[in-house]
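Peer 1: One structure follows; several queries about it will come next.
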Protein chains: 2
Amino acid sequence: MTKQDSLMTTIYDVAREARVSTATVSRVLNGRVVRAELRARVMTAVEDLGYTPNGVARNLRRQTGSVWMLIISDVESTYFTSLVRGVESVASENGYSVVVCNSHDDPELEARHIEVALAEQMAGVILSPSRPDTDVSRLSGRRVPVVTIDRRLAAQATSTVLVDNHAAAEAATSHLLDGGYKRIGCITGPRQISTAVERLEGYRRALAARGLELDAALELMENYREDGGYRGINALLALPEPPDAVLACNGLLAVGALRALHDRGVAIPRDFGIVGFDDSPWSQVTNPPLTTVAQPTDALGRKAAELLLAPEKLVSTHMLSTELIVRGSSRR
Amino acid sequence: MTKQDSLMTTIYDVAREARVSTATVSRVLNGRVVRAELRARVMTAVEDLGYTPNGVARNLRRQTGSVWMLIISDVESTYFTSLVRGVESVASENGYSVVVCNSHDDPELEARHIEVALAEQMAGVILSPSRPDTDVSRLSGRRVPVVTIDRRLAAQATSTVLVDNHAAAEAATSHLLDGGYKRIGCITGPRQISTAVERLEGYRRALAARGLELDAALELMENYREDGGYRGINALLALPEPPDAVLACNGLLAVGALRALHDRGVAIPRDFGIVGFDDSPWSQVTNPPLTTVAQPTDALGRKAAELLLAPEKLVSTHMLSTELIVRGSSRR
DNA sequence: CTGTTAGCGCATTCAC
DNA sequence: GTGAATGCGCTAACAG
């Protein structure tokens, strides 16, 4: 153990150097009341020795840490990474750090991250659950505050922050209809993801509102990645009665859809309309510029963080609204 | 403390339940040799009690953890988030978890994350330094393995993984020249970031190789974000002798540049050529499709992780090569 | 192979 | 206001 002794300067070293007790050092470091003279001695000793408190020991003693874990489904999606910003702002205003983990929508990986959050004594967890039945009981059992973001959990055991997906998809679909498109398809995500289902429902609601008939062939549940959109478009265009517009219910998926349309030489918006989700910087420079449903990512992240900060007595659900940004891909 | 007692089941509870010592429980949990019968008793006890090892206590005792921290400059850049994948693969193959932190290229924030890595006893840190003089000595002083990724550190104290930026920028610039563009501009990042400088040098080298004169007015150091590219183009096109092509040295910056060109109604590639960096899914669907320098992000991440795993005696620098992907934005 | 014991670094009682 | 002592939960010596 001599190795560690030489590497790690502890509160004992500081105490010895400052000729005080370790308790006093601890008090100084945590901003408690200490006589000015002793405080000064401690400060110099800390400086001289280049002492850093050992957070692990502190966490063990205090039974809680000061970092939040944000578990998201896909670090490669700009939607999820934008959430980080909002969370970070609130965290740093309140003395927390945030680390991001990537679940790839894989329940096993997600469970591992939850274990890490538990093991490392995270002060809070913001989770975008891979499934409606993701188990957060271990966390809440240990009184680790948990907030769900973007998606719903079946068992409403945690507060949740999300957008009004029904309204968003309905507005987007209505917009296509208003633009004169007659037969709208919908490519959404897997059934396990609540946003995928809700957006599909919003799409249906828009058709129903105009007295249009639903056609199951036009409703595709793919994945929320590029290849999902690519496959989706190819499937839709292979139909006996193909659609003349599509609602692509996710950012990456929309890219894949656009690429498939380009590959097939479809003229957008003249012969085909498309609306995507998750407005990104590049949405403005696609060919043509992409109409999208913009989500208030900063506000979503902030809200989730605030709920973590002040856990409410009652589990609550906060629904923010989206904004349809109309560009060339849906306007002919 | 009764509160904790009821929440936290410890190794003692398991030991009592299984009628063995805590040492035996620990051994079972860590896969050491234990008589089958005792092992079985421990396993059932663990199961029955729903026991989770307290990682904080373990880390304190072992003086090291099992999670890696990846500190990147910008979580909203697809280049950096793609690195995560490579790191994650190697990590999970070796029993590590990875958490991602976002420095925003802010030295203070970066320092805070380094403190967290220290305090939380991270098993390793992969860092994309915000400045060449970022101080990693606290980490290496405590024997925390550190690998630098994407950018160089002035004091070569850590192993580094990056791409051959000179060659990449030179090839991209030569490509524009080959395409018949006569006067090439270069929008790169801030001077503190080594990739920005190296890419600028590569650009100059390409011009020099053809005996072309350098023009300082054509070399812009902006930021590596969208607005940098937007401002850059506007500045270049306001020149008395504006360029007829540009090398945009970063992914987001290229988006901004493209947007500025669109806003000004410039015909690409006819009147103006552009090559970007960091090939992204959406690079294929821009108007026109964007020629980019693709970086081997997965390999970069993997390499960095491997260096973390097996710290070499000597500090080493690993340079991977890029690939120019030619699309419509530079080909007339 | 297994149990006993000590201590990782710190915050927090409890006396003074 | 300050110091001595204790224990957070776990692993690693050391004995047996």
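So you can find residues: chains in the structure tokens are A, B, ... in the order shown, residues in each start at 1, and ligands are numbered from 1 in order.
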Hey, what's within 10 Å of range 8-12 of chain C if we count only C-alpha atoms (C1' of nucleotides) and toss same-chain stuff fewer than 5 positions away? As a VMD selection string, please?

Peer 2: (chain A and resid 1 4 8 to 12 22 to 23 26 to 27 30 53 to 62) or (chain B and resid 57 to 63) or (chain D and resid 6 to 8 10 to 11)

Peer 1: Create the file for the chosen residues now, containing N, CA and C atoms (P, O5', C5', C4', C3', O3' and C1' of nucleotides) and written as a CSV table (one decimal), in the first residue's frame.

Peer 2:
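Contents of out05.csv, as written:
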```
chain,number,residue,atom,x,y,z
A,1,MET,N,0.8,-1.2,0.0
A,1,MET,CA,0.0,0.0,0.0
A,1,MET,C,0.9,1.3,0.0
A,4,GLN,N,0.1,3.6,-2.9
A,4,GLN,CA,-1.0,4.6,-2.8
A,4,GLN,C,-0.6,5.7,-1.9
A,8,MET,N,-1.6,9.4,-3.0
A,8,MET,CA,-2.8,10.0,-2.6
A,8,MET,C,-2.5,10.8,-1.3
A,9,THR,N,-2.7,12.1,-1.4
A,9,THR,CA,-2.7,12.9,-0.2
A,9,THR,C,-4.1,13.0,0.4
A,10,THR,N,-4.1,12.7,1.7
A,10,THR,CA,-5.4,12.5,2.3
A,10,THR,C,-5.7,13.7,3.3
A,11,ILE,N,-6.8,13.6,3.9
A,11,ILE,CA,-7.2,14.6,4.8
A,11,ILE,C,-6.3,14.6,6.1
A,12,TYR,N,-5.7,13.4,6.3
A,12,TYR,CA,-4.8,13.3,7.4
A,12,TYR,C,-3.6,14.1,7.2
A,22,THR,N,-8.6,16.1,11.7
A,22,THR,CA,-9.2,15.9,10.4
A,22,THR,C,-10.6,16.4,10.3
A,23,ALA,N,-11.2,16.4,11.5
A,23,ALA,CA,-12.6,17.0,11.5
A,23,ALA,C,-12.6,18.4,11.1
A,26,SER,N,-12.1,18.8,7.4
A,26,SER,CA,-13.4,18.4,6.7
A,26,SER,C,-14.4,19.6,6.8
A,27,ARG,N,-14.4,20.2,8.0
A,27,ARG,CA,-15.3,21.4,8.2
A,27,ARG,C,-14.9,22.5,7.2
A,30,ASN,N,-15.9,21.8,3.7
A,30,ASN,CA,-17.4,21.8,3.5
A,30,ASN,C,-18.1,23.1,3.9
A,53,PRO,N,-9.9,16.3,-2.5
A,53,PRO,CA,-10.8,15.4,-1.7
A,53,PRO,C,-11.1,14.1,-2.5
A,54,ASN,N,-11.1,13.0,-1.8
A,54,ASN,CA,-11.5,11.8,-2.5
A,54,ASN,C,-13.0,11.6,-2.5
A,55,GLY,N,-13.5,11.8,-3.7
A,55,GLY,CA,-15.0,11.8,-3.8
A,55,GLY,C,-15.6,10.5,-3.5
A,56,VAL,N,-14.9,9.4,-3.8
A,56,VAL,CA,-15.4,8.1,-3.5
A,56,VAL,C,-15.6,7.9,-2.0
A,57,ALA,N,-14.6,8.3,-1.2
A,57,ALA,CA,-14.7,8.2,0.2
A,57,ALA,C,-15.9,9.0,0.7
A,58,ARG,N,-16.0,10.2,0.2
A,58,ARG,CA,-17.0,11.1,0.6
A,58,ARG,C,-18.4,10.5,0.3
A,59,ASN,N,-18.5,10.0,-0.9
A,59,ASN,CA,-19.8,9.4,-1.3
A,59,ASN,C,-20.1,8.2,-0.4
A,60,LEU,N,-19.2,7.4,-0.1
A,60,LEU,CA,-19.4,6.3,0.7
A,60,LEU,C,-20.0,6.7,2.1
A,61,ARG,N,-19.3,7.7,2.6
A,61,ARG,CA,-19.7,8.2,3.9
A,61,ARG,C,-21.1,8.9,3.8
A,62,ARG,N,-21.3,9.8,2.8
A,62,ARG,CA,-22.5,10.5,2.7
A,62,ARG,C,-23.7,9.8,2.2
B,57,ALA,N,-18.0,1.7,-2.3
B,57,ALA,CA,-17.2,1.0,-1.2
B,57,ALA,C,-16.1,0.2,-1.9
B,58,ARG,N,-16.4,-0.5,-2.9
B,58,ARG,CA,-15.5,-1.3,-3.6
B,58,ARG,C,-14.3,-0.4,-4.2
B,59,ASN,N,-14.7,0.6,-4.9
B,59,ASN,CA,-13.7,1.5,-5.4
B,59,ASN,C,-12.8,2.1,-4.4
B,60,LEU,N,-13.4,2.5,-3.3
B,60,LEU,CA,-12.6,3.0,-2.2
B,60,LEU,C,-11.5,2.0,-1.8
B,61,ARG,N,-12.0,0.8,-1.6
B,61,ARG,CA,-11.1,-0.2,-1.1
B,61,ARG,C,-10.0,-0.6,-2.2
B,62,ARG,N,-10.5,-0.7,-3.4
B,62,ARG,CA,-9.6,-1.1,-4.5
B,62,ARG,C,-8.7,0.0,-5.1
B,63,GLN,N,-9.1,1.2,-4.7
B,63,GLN,CA,-8.4,2.4,-5.2
B,63,GLN,C,-8.5,2.5,-6.7
D,6,DT,P,-14.0,4.3,19.3
D,6,DT,O5',-15.1,4.3,18.1
D,6,DT,C5',-16.4,4.8,18.3
D,6,DT,C4',-17.1,4.9,17.0
D,6,DT,C3',-17.0,3.6,16.2
D,6,DT,O3',-18.4,3.3,15.9
D,6,DT,C1',-16.5,5.5,14.8
D,7,DG,P,-18.7,1.8,15.5
D,7,DG,O5',-19.2,2.0,14.0
D,7,DG,C5',-20.2,2.9,13.6
D,7,DG,C4',-20.1,3.2,12.1
D,7,DG,C3',-19.9,1.9,11.3
D,7,DG,O3',-20.7,2.1,10.1
D,7,DG,C1',-18.2,3.4,10.7
D,8,DC,P,-21.5,0.9,9.5
D,8,DC,O5',-21.8,1.5,8.0
D,8,DC,C5',-22.5,2.7,7.8
D,8,DC,C4',-22.0,3.3,6.5
D,8,DC,C3',-21.7,2.3,5.4
D,8,DC,O3',-22.9,2.1,4.6
D,8,DC,C1',-20.0,3.9,5.6
D,10,DC,P,-21.3,-4.0,0.1
D,10,DC,O5',-19.7,-4.2,0.0
D,10,DC,C5',-19.1,-3.4,-1.1
D,10,DC,C4',-17.6,-3.4,-0.9
D,10,DC,C3',-17.0,-4.8,-1.1
D,10,DC,O3',-16.4,-4.8,-2.4
D,10,DC,C1',-16.0,-3.6,0.8
D,11,DT,P,-15.9,-6.3,-2.9
D,11,DT,O5',-14.4,-6.2,-2.5
D,11,DT,C5',-13.5,-5.3,-3.0
D,11,DT,C4',-12.1,-5.3,-2.4
D,11,DT,C3',-11.4,-6.6,-2.7
D,11,DT,O3',-10.0,-6.2,-2.8
D,11,DT,C1',-11.5,-6.3,-0.3
```

Peer 1: Counting only C-alpha atoms (C1' of nucleotides), which residues from chain D have an atom at most 9 Å from any atom of chain A, and could you show them as an MDAnalysis selection string?

Peer 2: chainID D and resid 1:4 7:9

Peer 1: DSSP on the backbone: what in range 95-293 of chain B comes out alpha helix (DSSP H), as an NGL selection string?

Peer 2: :B and (107-119 or 137-141 or 165-178 or 194-209 or 226-237 or 251-263)

Peer 1: Store the residues of this selection in a file with C-alpha atoms, as a short mmCIF file (atom, residue, chain, number, x, y, z; two decimals), in the first residue's frame.

Peer 2:
```
data_model
loop_
_atom_site.label_atom_id
_atom_site.label_comp_id
_atom_site.auth_asym_id
_atom_site.auth_seq_id
_atom_site.Cartn_x
_atom_site.Cartn_y
_atom_site.Cartn_z
CA PRO B 107 -11.22 24.82 -20.29
CA GLU B 108 -13.00 25.41 -16.99
CA LEU B 109 -15.69 22.88 -17.64
CA GLU B 110 -13.05 20.49 -18.84
CA ALA B 111 -11.12 20.96 -15.62
CA ARG B 112 -14.25 20.24 -13.63
CA HIS B 113 -14.75 17.02 -15.51
CA ILE B 114 -11.18 16.04 -14.88
CA GLU B 115 -11.76 16.65 -11.17
CA VAL B 116 -14.82 14.45 -11.30
CA ALA B 117 -12.84 11.72 -13.02
CA LEU B 118 -10.31 11.97 -10.24
CA ALA B 119 -12.83 12.16 -7.44
CA SER B 137 -1.04 15.96 -14.64
CA ARG B 138 -3.50 15.48 -11.80
CA LEU B 139 -4.77 12.41 -13.58
CA SER B 140 -1.43 10.94 -14.50
CA GLY B 141 -0.10 11.87 -11.07
CA ASN B 165 -4.99 16.17 -40.84
CA HIS B 166 -2.28 17.50 -43.12
CA ALA B 167 -2.84 14.79 -45.65
CA ALA B 168 -6.60 15.01 -45.35
CA ALA B 169 -6.77 18.74 -45.99
CA GLU B 170 -4.17 18.57 -48.70
CA ALA B 171 -6.07 15.88 -50.56
CA ALA B 172 -9.34 17.76 -50.23
CA THR B 173 -7.80 20.98 -51.51
CA SER B 174 -6.05 19.23 -54.38
CA HIS B 175 -9.32 17.68 -55.32
CA LEU B 176 -10.91 21.10 -55.65
CA LEU B 177 -7.98 22.30 -57.71
CA ASP B 178 -8.23 19.25 -59.93
CA SER B 194 -4.57 21.44 -33.28
CA THR B 195 -6.80 20.02 -35.97
CA ALA B 196 -7.69 23.54 -37.08
CA VAL B 197 -4.06 24.47 -37.54
CA GLU B 198 -3.06 21.22 -39.17
CA ARG B 199 -5.88 21.35 -41.66
CA LEU B 200 -4.96 24.88 -42.55
CA GLU B 201 -1.38 23.76 -43.11
CA GLY B 202 -2.55 20.91 -45.31
CA TYR B 203 -4.55 23.37 -47.37
CA ARG B 204 -1.49 25.59 -47.78
CA ARG B 205 0.63 22.65 -48.76
CA ALA B 206 -1.75 21.77 -51.56
CA LEU B 207 -1.60 25.27 -52.93
CA ALA B 208 2.17 25.39 -52.61
CA ALA B 209 2.48 22.09 -54.45
CA GLU B 226 -22.51 26.27 -37.64
CA ASP B 227 -22.28 30.01 -37.19
CA GLY B 228 -18.56 29.86 -37.86
CA GLY B 229 -19.18 28.48 -41.31
CA TYR B 230 -21.98 30.91 -41.97
CA ARG B 231 -19.91 33.94 -41.04
CA GLY B 232 -16.92 32.53 -42.88
CA ILE B 233 -18.69 32.29 -46.21
CA ASN B 234 -20.15 35.74 -45.88
CA ALA B 235 -16.72 37.13 -45.15
CA LEU B 236 -15.12 35.31 -48.07
CA LEU B 237 -17.77 36.37 -50.56
CA GLY B 251 -18.86 19.08 -40.03
CA LEU B 252 -21.09 21.66 -38.41
CA LEU B 253 -19.08 24.47 -39.89
CA ALA B 254 -19.72 22.97 -43.32
CA VAL B 255 -23.46 23.04 -42.67
CA GLY B 256 -23.26 26.73 -41.85
CA ALA B 257 -21.21 27.37 -44.95
CA LEU B 258 -23.68 25.54 -47.11
CA ARG B 259 -26.54 27.48 -45.61
CA ALA B 260 -24.81 30.78 -46.28
CA LEU B 261 -24.21 29.77 -49.89
CA HIS B 262 -27.86 28.85 -50.28
CA ASP B 263 -28.96 32.11 -48.73
#
```

Peer 1: List as a list in words the protein and nucleic acid residues near Glu323 in chain B, meaning an atom at most 7 Å away when only C-alpha atoms (C1' of nucleotides) are counted, but skip any in the same chain fewer than 6 places from it.

Peer 2: Val293, Ala294 and Gln295 of chain B

Peer 1: What does the structure give for the distance between CA of Asp164 in chain B and CA of Met319 in chain B, in Å to one decimal?

Peer 2: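 Between these atoms lies a distance of 5.8 Å.
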
Peer 1: Please return as an MDAnalysis selection string: the residues of range 97-243 of chain B that backbone DSSP assigns to strand (DSSP E).

Peer 2: chainID B and resid 97:102 124:127 146:149 159:163 184:188 219:221

Peer 1: Would you mind exporting N, CA and C atoms of the selected residues as a PDB file, in the first residue's frame?

Peer 2:
```pdb
ATOM      1  N   SER B  97     -17.498   0.190 -18.104  1.00  0.00           N
ATOM      2  CA  SER B  97     -18.591   1.011 -18.598  1.00  0.00           C
ATOM      3  C   SER B  97     -18.000   2.332 -19.037  1.00  0.00           C
ATOM      4  N   VAL B  98     -18.705   3.039 -19.886  1.00  0.00           N
ATOM      5  CA  VAL B  98     -18.198   4.345 -20.257  1.00  0.00           C
ATOM      6  C   VAL B  98     -19.247   5.427 -20.067  1.00  0.00           C
ATOM      7  N   VAL B  99     -18.797   6.525 -19.526  1.00  0.00           N
ATOM      8  CA  VAL B  99     -19.654   7.695 -19.418  1.00  0.00           C
ATOM      9  C   VAL B  99     -19.032   8.809 -20.240  1.00  0.00           C
ATOM     10  N   VAL B 100     -19.897   9.618 -20.814  1.00  0.00           N
ATOM     11  CA  VAL B 100     -19.443  10.680 -21.699  1.00  0.00           C
ATOM     12  C   VAL B 100     -19.657  12.035 -21.025  1.00  0.00           C
ATOM     13  N   CYS B 101     -18.656  12.889 -21.082  1.00  0.00           N
ATOM     14  CA  CYS B 101     -18.816  14.245 -20.563  1.00  0.00           C
ATOM     15  C   CYS B 101     -18.540  15.236 -21.675  1.00  0.00           C
ATOM     16  N   ASN B 102     -19.167  16.366 -21.545  1.00  0.00           N
ATOM     17  CA  ASN B 102     -19.184  17.363 -22.592  1.00  0.00           C
ATOM     18  C   ASN B 102     -18.426  18.589 -22.101  1.00  0.00           C
ATOM     19  N   GLY B 124     -10.046   5.140 -16.210  1.00  0.00           N
ATOM     20  CA  GLY B 124      -9.320   5.678 -17.344  1.00  0.00           C
ATOM     21  C   GLY B 124     -10.058   6.852 -17.937  1.00  0.00           C
ATOM     22  N   VAL B 125      -9.325   7.694 -18.630  1.00  0.00           N
ATOM     23  CA  VAL B 125      -9.938   8.882 -19.225  1.00  0.00           C
ATOM     24  C   VAL B 125      -9.465   9.040 -20.670  1.00  0.00           C
ATOM     25  N   ILE B 126     -10.410   9.220 -21.566  1.00  0.00           N
ATOM     26  CA  ILE B 126     -10.082   9.550 -22.944  1.00  0.00           C
ATOM     27  C   ILE B 126     -10.532  10.986 -23.155  1.00  0.00           C
ATOM     28  N   LEU B 127      -9.620  11.806 -23.591  1.00  0.00           N
ATOM     29  CA  LEU B 127      -9.864  13.245 -23.593  1.00  0.00           C
ATOM     30  C   LEU B 127      -9.593  13.868 -24.946  1.00  0.00           C
ATOM     31  N   VAL B 146      -4.524   7.970 -19.165  1.00  0.00           N
ATOM     32  CA  VAL B 146      -5.147   9.011 -19.980  1.00  0.00           C
ATOM     33  C   VAL B 146      -4.709   8.840 -21.427  1.00  0.00           C
ATOM     34  N   VAL B 147      -5.650   8.936 -22.328  1.00  0.00           N
ATOM     35  CA  VAL B 147      -5.327   8.923 -23.750  1.00  0.00           C
ATOM     36  C   VAL B 147      -5.971  10.154 -24.377  1.00  0.00           C
ATOM     37  N   THR B 148      -5.225  10.817 -25.221  1.00  0.00           N
ATOM     38  CA  THR B 148      -5.738  11.992 -25.903  1.00  0.00           C
ATOM     39  C   THR B 148      -6.267  11.569 -27.267  1.00  0.00           C
ATOM     40  N   ILE B 149      -7.398  12.137 -27.634  1.00  0.00           N
ATOM     41  CA  ILE B 149      -7.979  11.754 -28.905  1.00  0.00           C
ATOM     42  C   ILE B 149      -8.310  12.984 -29.742  1.00  0.00           C
ATOM     43  N   SER B 159      -0.394   9.249 -24.537  1.00  0.00           N
ATOM     44  CA  SER B 159      -0.534   8.691 -25.875  1.00  0.00           C
ATOM     45  C   SER B 159      -1.694   9.385 -26.576  1.00  0.00           C
ATOM     46  N   THR B 160      -1.589   9.451 -27.878  1.00  0.00           N
ATOM     47  CA  THR B 160      -2.532  10.249 -28.647  1.00  0.00           C
ATOM     48  C   THR B 160      -3.006   9.467 -29.864  1.00  0.00           C
ATOM     49  N   VAL B 161      -4.281   9.620 -30.172  1.00  0.00           N
ATOM     50  CA  VAL B 161      -4.843   8.997 -31.362  1.00  0.00           C
ATOM     51  C   VAL B 161      -5.477  10.092 -32.199  1.00  0.00           C
ATOM     52  N   LEU B 162      -5.042  10.213 -33.424  1.00  0.00           N
ATOM     53  CA  LEU B 162      -5.651  11.229 -34.281  1.00  0.00           C
ATOM     54  C   LEU B 162      -5.539  10.843 -35.737  1.00  0.00           C
ATOM     55  N   VAL B 163      -6.034  11.697 -36.594  1.00  0.00           N
ATOM     56  CA  VAL B 163      -5.931  11.411 -38.021  1.00  0.00           C
ATOM     57  C   VAL B 163      -4.868  12.308 -38.640  1.00  0.00           C
ATOM     58  N   ILE B 184      -9.136  29.007 -53.949  1.00  0.00           N
ATOM     59  CA  ILE B 184      -9.765  28.231 -52.879  1.00  0.00           C
ATOM     60  C   ILE B 184      -9.613  28.939 -51.545  1.00  0.00           C
ATOM     61  N   GLY B 185     -10.691  29.033 -50.798  1.00  0.00           N
ATOM     62  CA  GLY B 185     -10.634  29.556 -49.439  1.00  0.00           C
ATOM     63  C   GLY B 185     -10.609  28.421 -48.424  1.00  0.00           C
ATOM     64  N   CYS B 186     -10.287  28.767 -47.207  1.00  0.00           N
ATOM     65  CA  CYS B 186     -10.251  27.752 -46.152  1.00  0.00           C
ATOM     66  C   CYS B 186     -10.860  28.332 -44.885  1.00  0.00           C
ATOM     67  N   ILE B 187     -11.932  27.704 -44.407  1.00  0.00           N
ATOM     68  CA  ILE B 187     -12.501  28.120 -43.119  1.00  0.00           C
ATOM     69  C   ILE B 187     -12.184  27.019 -42.120  1.00  0.00           C
ATOM     70  N   THR B 188     -11.402  27.369 -41.143  1.00  0.00           N
ATOM     71  CA  THR B 188     -10.999  26.361 -40.175  1.00  0.00           C
ATOM     72  C   THR B 188     -11.387  26.819 -38.774  1.00  0.00           C
ATOM     73  N   GLU B 219      -7.886  32.734 -45.663  1.00  0.00           N
ATOM     74  CA  GLU B 219      -7.749  31.794 -44.547  1.00  0.00           C
ATOM     75  C   GLU B 219      -8.470  32.332 -43.325  1.00  0.00           C
ATOM     76  N   LEU B 220      -9.559  31.687 -42.958  1.00  0.00           N
ATOM     77  CA  LEU B 220     -10.364  32.169 -41.840  1.00  0.00           C
ATOM     78  C   LEU B 220     -10.351  31.195 -40.678  1.00  0.00           C
ATOM     79  N   MET B 221     -10.051  31.717 -39.500  1.00  0.00           N
ATOM     80  CA  MET B 221     -10.166  30.879 -38.306  1.00  0.00           C
ATOM     81  C   MET B 221     -11.435  31.262 -37.569  1.00  0.00           C
TER      82      MET B 221
END
```

Peer 1: For chain C, report every residue with an atom at most 10 Å from chain B (counting only C-alpha atoms (C1' of nucleotides)), formatted as a list in words.

Peer 2: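 Result, ordered by chain then number: DC1, DT2, DG3, DT4, DG7, DC8 and DG9 of chain C.
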